[in-house]
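Student: Structure file input.txt (compact mmCIF, C-alpha atoms) right here:
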```
# COMPACT_ATOMS: atom_id res chain seq x y z
CA MET J 7 -5.00 -0.42 -11.87
CA LEU J 8 -7.22 -3.40 -11.11
CA ILE J 9 -8.62 -3.85 -7.62
CA ILE J 10 -10.59 -6.85 -6.52
CA ILE J 11 -12.99 -6.59 -3.63
CA SER J 12 -13.73 -9.99 -2.27
CA GLY J 13 -14.85 -11.66 0.92
CA PRO J 14 -17.55 -13.86 2.36
CA SER J 15 -21.17 -13.55 1.40
CA GLY J 16 -22.59 -10.95 3.81
CA SER J 17 -19.35 -8.99 4.11
CA GLY J 18 -21.02 -6.07 2.36
CA LYS J 19 -19.01 -6.17 -0.89
CA GLY J 20 -21.91 -4.95 -3.02
CA THR J 21 -22.77 -2.03 -0.74
CA VAL J 22 -19.17 -0.92 -0.39
CA VAL J 23 -18.44 -1.15 -4.12
CA LYS J 24 -21.52 0.98 -4.93
CA GLN J 25 -20.14 3.72 -2.66
CA LEU J 26 -16.80 3.98 -4.48
CA ASP J 27 -16.75 7.42 -6.05
CA ALA J 28 -16.52 7.37 -9.87
CA GLY J 29 -15.03 10.87 -9.52
CA LEU J 30 -11.96 9.21 -8.01
CA GLY J 31 -11.59 7.11 -11.18
CA TYR J 32 -13.30 3.89 -10.12
CA ALA J 33 -14.94 1.87 -12.90
CA LEU J 34 -16.99 -1.13 -11.85
CA SER J 35 -16.51 -4.20 -13.96
CA ILE J 36 -19.53 -5.60 -15.77
CA SER J 37 -20.00 -9.37 -15.72
CA VAL J 38 -20.87 -11.61 -18.64
CA THR J 39 -23.74 -13.96 -17.93
CA THR J 40 -25.85 -16.58 -19.65
CA ARG J 41 -28.89 -15.85 -17.53
CA GLU J 42 -31.93 -14.07 -19.00
CA PRO J 43 -32.08 -10.30 -18.56
CA ARG J 44 -34.53 -9.23 -15.86
CA ASP J 45 -36.95 -6.35 -16.41
CA GLY J 46 -35.05 -3.11 -16.76
CA GLU J 47 -31.60 -4.70 -16.97
CA VAL J 48 -29.50 -3.17 -19.74
CA HIS J 49 -26.90 -5.04 -21.81
CA GLY J 50 -23.50 -3.37 -21.35
CA LYS J 51 -24.61 -1.65 -18.16
CA ASP J 52 -25.90 -4.27 -15.73
CA TYR J 53 -24.44 -7.27 -17.53
CA PHE J 54 -23.17 -8.40 -20.87
CA PHE J 55 -25.78 -11.01 -21.79
CA THR J 56 -24.71 -13.93 -23.91
CA THR J 57 -25.61 -17.50 -24.83
CA GLU J 58 -23.96 -20.63 -23.46
CA GLU J 59 -22.13 -21.03 -26.76
CA GLY J 60 -20.93 -17.41 -26.58
CA PHE J 61 -19.79 -17.93 -23.01
CA THR J 62 -17.94 -21.15 -23.82
CA LYS J 63 -16.21 -19.44 -26.72
CA MET J 64 -15.06 -16.61 -24.47
CA ARG J 65 -13.70 -19.12 -21.98
CA GLN J 66 -11.83 -21.02 -24.68
CA GLU J 67 -10.35 -17.81 -26.06
CA ASN J 68 -9.09 -16.87 -22.57
CA ALA J 69 -11.36 -13.82 -22.73
CA LEU J 70 -12.53 -14.28 -19.13
CA LEU J 71 -10.46 -13.41 -16.08
CA GLU J 72 -12.55 -15.77 -13.95
CA HIS J 73 -15.85 -17.57 -14.23
CA ALA J 74 -18.28 -19.48 -12.07
CA VAL J 75 -21.62 -21.24 -12.18
CA TYR J 76 -24.44 -20.05 -9.98
CA VAL J 77 -27.95 -21.56 -9.95
CA GLY J 78 -27.37 -23.13 -13.37
CA ASN J 79 -26.14 -19.95 -15.08
CA PHE J 80 -22.62 -18.95 -16.01
CA TYR J 81 -21.05 -15.72 -14.84
CA GLY J 82 -17.66 -14.36 -15.81
CA THR J 83 -15.42 -11.31 -15.83
CA PRO J 84 -14.52 -10.15 -19.36
CA ARG J 85 -10.81 -9.47 -19.70
CA ASN J 86 -11.38 -7.00 -22.55
CA TYR J 87 -13.63 -4.64 -20.66
CA VAL J 88 -11.30 -4.60 -17.64
CA GLU J 89 -8.24 -3.95 -19.80
CA GLU J 90 -10.02 -1.08 -21.58
CA GLN J 91 -10.84 0.61 -18.28
CA ILE J 92 -7.23 0.24 -17.13
CA ALA J 93 -5.92 1.60 -20.45
CA GLN J 94 -8.09 4.68 -19.87
CA GLY J 95 -6.35 5.22 -16.53
CA LYS J 96 -9.35 4.05 -14.51
CA VAL J 97 -9.28 1.92 -11.38
CA ALA J 98 -11.14 -1.18 -12.57
CA VAL J 99 -13.08 -2.74 -9.69
CA LEU J 100 -14.13 -6.39 -9.56
CA GLU J 101 -16.50 -7.55 -6.86
CA ILE J 102 -16.18 -11.32 -6.78
CA GLU J 103 -16.04 -14.39 -4.58
CA VAL J 104 -12.87 -15.46 -2.80
CA LEU J 105 -11.84 -18.28 -5.14
CA GLY J 106 -12.60 -16.19 -8.24
CA ALA J 107 -10.38 -13.45 -6.85
CA LEU J 108 -7.46 -15.84 -6.52
CA GLN J 109 -8.10 -17.04 -10.10
CA VAL J 110 -7.80 -13.46 -11.35
CA LYS J 111 -4.61 -12.89 -9.35
CA GLU J 112 -3.01 -15.75 -11.29
CA LYS J 113 -3.90 -14.23 -14.67
CA PHE J 114 -3.30 -10.69 -13.53
CA PRO J 115 -0.51 -10.64 -10.91
CA GLU J 116 -0.59 -6.83 -10.66
CA ALA J 117 -4.17 -6.96 -9.38
CA VAL J 118 -4.65 -5.52 -5.90
CA LEU J 119 -6.65 -7.98 -3.79
CA ILE J 120 -8.72 -6.59 -0.96
CA PHE J 121 -10.43 -8.96 1.46
CA LEU J 122 -13.54 -7.43 2.99
CA MET J 123 -14.54 -8.99 6.31
CA PRO J 124 -17.30 -8.33 8.82
CA PRO J 125 -15.90 -7.60 12.30
CA THR J 126 -17.21 -10.86 13.80
CA VAL J 127 -18.95 -14.08 12.78
CA VAL J 128 -21.86 -13.01 14.98
CA GLU J 129 -22.25 -9.79 12.98
CA LEU J 130 -22.06 -11.80 9.75
CA SER J 131 -24.77 -14.13 11.05
CA ASN J 132 -26.97 -11.15 11.97
CA ARG J 133 -26.53 -9.61 8.53
CA LEU J 134 -27.38 -12.83 6.73
CA LYS J 135 -30.43 -13.38 8.95
CA GLY J 136 -31.49 -9.74 8.44
CA ARG J 137 -31.63 -10.26 4.69
CA ASN J 138 -34.46 -12.74 5.21
CA THR J 139 -33.59 -14.43 1.94
CA GLU J 140 -31.91 -17.60 3.15
CA ASP J 141 -32.91 -20.43 5.44
CA ASP J 142 -30.94 -21.41 8.56
CA VAL J 143 -29.13 -24.28 6.85
CA THR J 144 -27.86 -22.00 4.07
CA ILE J 145 -26.81 -19.37 6.59
CA GLU J 146 -24.95 -21.94 8.66
CA ALA J 147 -23.16 -23.14 5.51
CA ARG J 148 -22.16 -19.54 4.68
CA LEU J 149 -20.81 -18.93 8.19
CA LYS J 150 -18.78 -22.14 8.03
CA LYS J 151 -17.43 -21.14 4.61
CA SER J 152 -16.44 -17.70 5.90
CA LEU J 153 -14.32 -19.36 8.59
CA GLU J 154 -12.78 -21.74 6.06
CA GLU J 155 -11.78 -18.76 3.93
CA VAL J 156 -9.78 -17.12 6.72
CA PRO J 157 -6.46 -18.87 5.86
CA LEU J 158 -6.78 -17.49 2.30
CA ILE J 159 -6.55 -13.90 3.60
CA ASP J 160 -2.74 -14.28 3.53
CA GLN J 161 -2.93 -14.43 -0.27
CA TYR J 162 -4.62 -11.05 -0.33
CA ASN J 163 -2.80 -7.72 -0.40
CA TYR J 164 -5.07 -5.99 2.10
CA LEU J 165 -7.70 -6.75 4.71
CA VAL J 166 -10.50 -4.27 5.31
CA ILE J 167 -12.88 -4.84 8.22
CA ASN J 168 -16.32 -3.66 7.16
CA ASP J 169 -17.68 -2.46 10.49
CA ASP J 170 -18.91 0.76 8.89
CA VAL J 171 -19.40 1.33 5.15
CA PRO J 172 -18.01 4.90 4.88
CA ARG J 173 -14.96 3.86 6.91
CA ALA J 174 -14.40 0.82 4.69
CA VAL J 175 -14.67 3.04 1.60
CA GLU J 176 -12.14 5.46 3.09
CA LYS J 177 -9.73 2.58 3.66
CA ILE J 178 -10.12 1.42 0.06
CA ASN J 179 -9.43 4.98 -1.10
CA ALA J 180 -6.22 5.00 0.97
CA ILE J 181 -5.19 1.67 -0.54
CA VAL J 182 -5.71 3.00 -4.07
CA ALA J 183 -3.88 6.25 -3.24
CA ALA J 184 -0.93 4.23 -1.91
CA GLU J 185 -0.93 1.73 -4.77
CA ARG J 186 -0.73 4.59 -7.27
CA LEU J 187 2.65 5.40 -5.66
CA ARG J 188 4.23 2.03 -6.47
CA PRO J 189 7.42 2.66 -8.48
CA LYS J 190 6.14 0.34 -11.25
CA ARG J 191 3.13 2.66 -11.66
CA CYS J 192 5.24 5.84 -11.66
CA SER J 193 7.41 5.42 -14.75
CA HIS J 194 5.99 8.67 -16.13
CA GLU J 195 7.17 10.67 -13.11
CA ILE J 196 10.54 8.91 -13.05
CA ASN J 197 11.11 9.63 -16.75
CA GLU J 198 10.11 13.24 -16.23
CA PHE J 199 12.73 13.61 -13.50
CA VAL J 200 15.49 12.04 -15.63
CA ASP J 201 14.53 13.88 -18.82
CA SER J 202 14.49 17.25 -17.08
CA GLN J 203 18.29 17.20 -16.81
CA LYS J 204 18.46 18.54 -20.36
CA TYR J 205 17.04 21.85 -19.08
CA LEU J 206 19.84 22.27 -16.53
CA LYS J 207 21.93 25.36 -17.20
CA MET B 26 5.54 -0.35 11.61
CA LEU B 27 8.82 1.08 10.39
CA ILE B 28 8.81 3.56 7.53
CA ILE B 29 11.93 4.91 5.91
CA ILE B 30 11.85 8.23 4.13
CA SER B 31 14.76 8.49 1.81
CA GLY B 32 15.80 10.28 -1.35
CA PRO B 33 18.41 12.63 -2.76
CA SER B 34 19.81 15.53 -0.80
CA GLY B 35 17.44 18.41 -1.53
CA SER B 36 14.36 16.21 -1.90
CA GLY B 37 12.93 17.79 1.24
CA LYS B 38 13.10 14.71 3.51
CA GLY B 39 13.73 16.76 6.64
CA THR B 40 10.88 19.20 6.01
CA VAL B 41 8.38 16.46 5.15
CA VAL B 42 9.32 14.31 8.15
CA LYS B 43 8.86 17.25 10.53
CA GLN B 44 5.29 17.69 9.23
CA LEU B 45 4.26 14.11 10.03
CA ASP B 46 1.64 14.38 12.75
CA ALA B 47 2.62 12.67 16.01
CA GLY B 48 -1.12 12.42 16.68
CA LEU B 49 -1.27 9.86 13.87
CA GLY B 50 1.28 7.74 15.73
CA TYR B 51 4.50 8.79 14.01
CA ALA B 52 7.67 8.60 16.12
CA LEU B 53 10.81 10.01 14.57
CA SER B 54 13.90 7.93 15.11
CA ILE B 55 16.81 9.49 16.99
CA SER B 56 20.29 8.91 15.59
CA VAL B 57 23.39 7.94 17.54
CA THR B 58 26.39 10.12 16.77
CA THR B 59 29.97 10.57 17.84
CA ARG B 60 29.96 14.28 17.10
CA GLU B 61 29.96 16.85 19.91
CA PRO B 62 26.56 18.16 21.03
CA ARG B 63 25.88 21.67 19.76
CA ASP B 64 24.42 24.35 22.02
CA GLY B 65 20.91 23.43 23.06
CA GLU B 66 21.02 19.86 21.70
CA VAL B 67 19.62 17.36 24.17
CA HIS B 68 20.81 13.75 24.54
CA GLY B 69 17.89 11.41 23.85
CA LYS B 70 15.94 14.08 22.01
CA ASP B 71 18.10 15.48 19.19
CA TYR B 72 20.67 12.67 19.21
CA PHE B 73 22.05 9.95 21.37
CA PHE B 74 25.63 11.18 21.88
CA THR B 75 28.35 8.61 22.32
CA THR B 76 32.10 8.08 21.98
CA GLU B 77 33.84 6.33 19.10
CA GLU B 78 34.35 3.32 21.36
CA GLY B 79 30.66 3.31 22.28
CA PHE B 80 29.71 3.56 18.62
CA THR B 81 32.05 0.75 17.55
CA LYS B 82 30.67 -1.45 20.33
CA MET B 83 27.09 -0.83 19.12
CA ARG B 84 28.12 -1.73 15.59
CA GLN B 85 29.80 -4.92 16.70
CA GLU B 86 26.76 -5.89 18.77
CA ASN B 87 24.50 -5.39 15.73
CA ALA B 88 22.72 -2.63 17.66
CA LEU B 89 22.63 -0.32 14.64
CA LEU B 90 20.23 -0.71 11.73
CA GLU B 91 22.56 1.33 9.51
CA HIS B 92 25.51 3.65 9.95
CA ALA B 93 27.56 6.12 7.97
CA VAL B 94 30.45 8.54 8.32
CA TYR B 95 29.88 12.22 7.63
CA VAL B 96 32.59 14.88 7.96
CA GLY B 97 34.66 12.62 10.20
CA ASN B 98 31.85 11.72 12.59
CA PHE B 99 29.84 8.53 12.86
CA TYR B 100 26.06 8.48 12.63
CA GLY B 101 23.80 5.48 13.08
CA THR B 102 20.25 4.32 13.69
CA PRO B 103 19.83 2.46 16.99
CA ARG B 104 17.88 -0.74 16.54
CA ASN B 105 16.70 -0.70 20.16
CA TYR B 106 14.98 2.65 20.02
CA VAL B 107 13.22 1.80 16.77
CA GLU B 108 12.04 -1.56 18.10
CA GLU B 109 10.69 0.08 21.28
CA GLN B 110 8.61 2.54 19.24
CA ILE B 111 7.23 -0.28 17.11
CA ALA B 112 6.42 -2.36 20.22
CA GLN B 113 4.39 0.61 21.48
CA GLY B 114 2.35 0.53 18.27
CA LYS B 115 4.00 3.64 16.87
CA VAL B 116 5.01 4.23 13.26
CA ALA B 117 8.78 4.57 13.61
CA VAL B 118 10.14 6.99 11.00
CA LEU B 119 13.72 6.97 9.74
CA GLU B 120 14.92 9.79 7.54
CA ILE B 121 18.11 8.54 5.91
CA GLU B 122 20.17 8.46 2.74
CA VAL B 123 19.38 6.06 -0.08
CA LEU B 124 22.10 3.48 0.59
CA GLY B 125 21.40 3.51 4.33
CA ALA B 126 17.75 2.83 3.58
CA LEU B 127 18.61 -0.26 1.57
CA GLN B 128 20.91 -1.41 4.43
CA VAL B 129 17.96 -1.21 6.84
CA LYS B 130 15.68 -3.09 4.44
CA GLU B 131 18.10 -6.02 4.59
CA LYS B 132 18.03 -6.16 8.39
CA PHE B 133 14.35 -5.27 8.60
CA PRO B 134 12.52 -6.68 5.56
CA GLU B 135 9.12 -5.48 6.85
CA ALA B 136 10.29 -1.87 6.64
CA VAL B 137 8.26 0.30 4.27
CA LEU B 138 10.65 2.22 2.00
CA ILE B 139 9.47 5.53 0.61
CA PHE B 140 11.55 7.33 -1.97
CA LEU B 141 11.02 11.08 -1.88
CA MET B 142 11.88 12.82 -5.13
CA PRO B 143 11.69 16.41 -6.34
CA PRO B 144 9.57 16.74 -9.51
CA THR B 145 12.56 17.60 -11.75
CA VAL B 146 16.34 17.85 -11.63
CA VAL B 147 15.95 21.58 -12.35
CA GLU B 148 13.80 22.01 -9.24
CA LEU B 149 16.36 20.03 -7.24
CA SER B 150 19.12 22.29 -8.55
CA ASN B 151 17.12 25.39 -7.60
CA ARG B 152 16.52 24.08 -4.08
CA LEU B 153 20.18 23.24 -3.53
CA LYS B 154 21.25 26.66 -4.86
CA GLY B 155 18.61 28.36 -2.72
CA ARG B 156 20.12 26.87 0.42
CA ASN B 157 23.27 28.92 -0.21
CA THR B 158 25.31 26.41 1.77
CA GLU B 159 27.10 24.55 -0.98
CA ASP B 160 29.39 25.57 -3.84
CA ASP B 161 28.63 24.79 -7.48
CA VAL B 162 30.92 21.75 -7.59
CA THR B 163 29.15 20.17 -4.61
CA ILE B 164 25.74 20.94 -6.09
CA GLU B 165 26.71 19.41 -9.41
CA ALA B 166 27.92 16.28 -7.61
CA ARG B 167 24.59 16.06 -5.75
CA LEU B 168 22.58 16.41 -8.97
CA LYS B 169 24.66 13.70 -10.61
CA LYS B 170 24.18 11.44 -7.59
CA SER B 171 20.39 12.00 -7.65
CA LEU B 172 20.31 10.72 -11.24
CA GLU B 173 22.49 7.74 -10.36
CA GLU B 174 20.06 6.84 -7.59
CA VAL B 175 17.06 6.61 -9.95
CA PRO B 176 17.55 2.89 -10.77
CA LEU B 177 17.42 2.15 -7.02
CA ILE B 178 13.82 3.42 -6.83
CA ASP B 179 12.69 -0.05 -7.93
CA GLN B 180 13.93 -1.43 -4.62
CA TYR B 181 11.61 0.96 -2.78
CA ASN B 182 8.00 0.22 -1.92
CA TYR B 183 6.68 3.66 -2.84
CA LEU B 184 7.68 6.79 -4.72
CA VAL B 185 6.44 10.18 -3.51
CA ILE B 186 7.08 13.25 -5.66
CA ASN B 187 7.66 16.18 -3.33
CA ASP B 188 6.23 19.00 -5.43
CA ASP B 189 4.32 20.31 -2.43
CA VAL B 190 5.01 19.44 1.22
CA PRO B 191 1.39 19.08 2.47
CA ARG B 192 0.58 16.90 -0.54
CA ALA B 193 3.64 14.72 0.08
CA VAL B 194 2.62 14.36 3.75
CA GLU B 195 -0.90 13.36 2.68
CA LYS B 196 0.54 10.68 0.40
CA ILE B 197 2.69 9.31 3.22
CA ASN B 198 -0.41 9.22 5.46
CA ALA B 199 -2.23 7.21 2.77
CA ILE B 200 0.71 4.80 2.52
CA VAL B 201 0.69 4.25 6.29
CA ALA B 202 -3.11 3.84 6.34
CA ALA B 203 -2.85 1.23 3.57
CA GLU B 204 0.13 -0.58 5.11
CA ARG B 205 -1.79 -0.96 8.38
CA LEU B 206 -4.26 -3.08 6.36
CA ARG B 207 -1.68 -5.69 5.31
CA PRO B 208 -2.94 -9.10 6.47
CA LYS B 209 0.34 -9.69 8.35
CA ARG B 210 -0.41 -6.57 10.44
CA CYS B 211 -4.03 -7.57 11.10
CA SER B 212 -3.67 -10.81 13.07
CA HIS B 213 -5.60 -9.20 15.94
CA GLU B 214 -8.64 -8.53 13.74
CA ILE B 215 -8.42 -11.95 12.10
CA ASN B 216 -8.27 -13.69 15.49
CA GLU B 217 -11.20 -11.64 16.71
CA PHE B 218 -13.28 -12.79 13.75
CA VAL B 219 -12.39 -16.46 14.26
CA ASP B 220 -12.79 -16.36 18.06
CA SER B 221 -16.20 -14.74 17.84
CA GLN B 222 -17.73 -17.98 16.56
CA LYS B 223 -17.99 -19.15 20.17
CA TYR B 224 -20.70 -16.52 20.71
CA LEU B 225 -22.84 -17.89 17.87
CA LYS B 226 -26.18 -19.14 19.08
```
Using structure tokens, write down the structure that the file contains.
Tutor:
Amino acid sequence: MLIIISGPSGSGKGTVVKQLDAGLGYALSISVTTREPRDGEVHGKDYFFTTEEGFTKMRQENALLEHAVYVGNFYGTPRNYVEEQIAQGKVAVLEIEVLGALQVKEKFPEAVLIFLMPPTVVELSNRLKGRNTEDDVTIEARLKKSLEEVPLIDQYNYLVINDDVPRAVEKINAIVAAERLRPKRCSHEINEFVDSQKYLK
Amino acid sequence: MLIIISGPSGSGKGTVVKQLDAGLGYALSISVTTREPRDGEVHGKDYFFTTEEGFTKMRQENALLEHAVYVGNFYGTPRNYVEEQIAQGKVAVLEIEVLGALQVKEKFPEAVLIFLMPPTVVELSNRLKGRNTEDDVTIEARLKKSLEEVPLIDQYNYLVINDDVPRAVEKINAIVAAERLRPKRCSHEINEFVDSQKYLK
């Protein structure tokens, strides 16, 4: 299964995703990037580092589920890595921006899209200000963007209000538990039921 | 929300439905029937009792979500009662046969259909035999019908294997928790987010 956790900047995507319990089968996706590794960052753990040529080649070969530019560097989600996790029965988790999420949905219609939203715009504003990393103009632009993204929520499968991280994680766990019960994901159980008729006396 | 628990005779629908916790908002639907009340049965609690004329009138007025004949008596699901429960924010629960469930889905496309299935046909056979209420011919017919119903599972939203009642109940709780997070059921939260911008300084 592939789940995509998306939502406005400041919705708490990163924090929530880090709390998803690997013991429950979650496997966080690793992005490909052209930016330089920072101290301590490990290839294949934090990122897959590549050159611009390598990145362009991946794009051309349809090896990326989505990609974006940020501060002059390319970032993308490698299809291969995600498909490997899924083949191993894991719940692959992508944490990406709203438009990227909708890009992936097109390539991967079975993906489960979860929109993470702060309870109010005021709370979002407080969180962004609390980070102390962005100036007022940037924050205002982010708030405006978060409101513009609201009509896109309809294209998502689920909406999770992130008023409390453990509660948001619990909701995501319920979504995954429910999605595992979709008939299309239960062919093994269905076949087992049908096949068992041969043991009837 | 309306959830429909359906599945072959012997899947344990009745037992599972009785274990759904009213504290979590579940409200079991009450059927309309033309059969005579048995000792101790209360109108409006066990059944809504009515005459054949009353039943036919309800049918003609589209007041039934589904209906069926069983041993010469009519049984149906009153639309009114279900809609009242939903209006009160309850999770209305119907426990009905497979074809009835698909009838309701047509009239009520938002209904969440859950197919309850025993793990194997052998287990189903054992359960039916254990009841000691049906002869071998009837049991064989029920087993055959359960296999014929398998292709209909695709028309359901979820499949729950009832290998263990508490586990099946837990899965239904997860389904309801997840379904509450559908964007179409979250317009209150979405409006709250948008409206809160007026409090931005």
Student: Using only C-alpha atoms, determine which residues lie at most 12 Å from Lys204 (chain J), disregarding the query and same-chain residues fewer than 5 positions distant; provide the list as a count of residues only.
Tutor: 5
Student: Kindly give the distance, in Å, that separates CA of Phe121 (chain J) and CA of Gly136 (chain J), rounded to a single decimal.
Tutor: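 Here the two named atoms are 22.2 Å from each other.
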Student: What gap, in Å, lies between CA of Asn168 (chain J) and CA of Pro124 (chain J)?
Tutor: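 Interatomic distance here is 5.1 Å.
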Student: So that all listed atoms of region 169-172 of chain J fit with 6 Å spare on each side, what axis-aligned box centre and edge lengths in Å, to one decimal, would you give as lines of an AutoDock Vina configuration file?
Tutor:
```
center_x = -18.5
center_y = 1.2
center_z = 7.7
size_x = 13.7
size_y = 19.4
size_z = 17.6
```
Student: With a cut-off of 6 Å and counting only C-alpha atoms, select all residues of chain B in contact with chain J and give the selection as an NGL selection string.
Tutor: :B and (144-147 or 179 or 183-184 or 199-200 or 203 or 206-208 or 218 or 221-222 or 225)
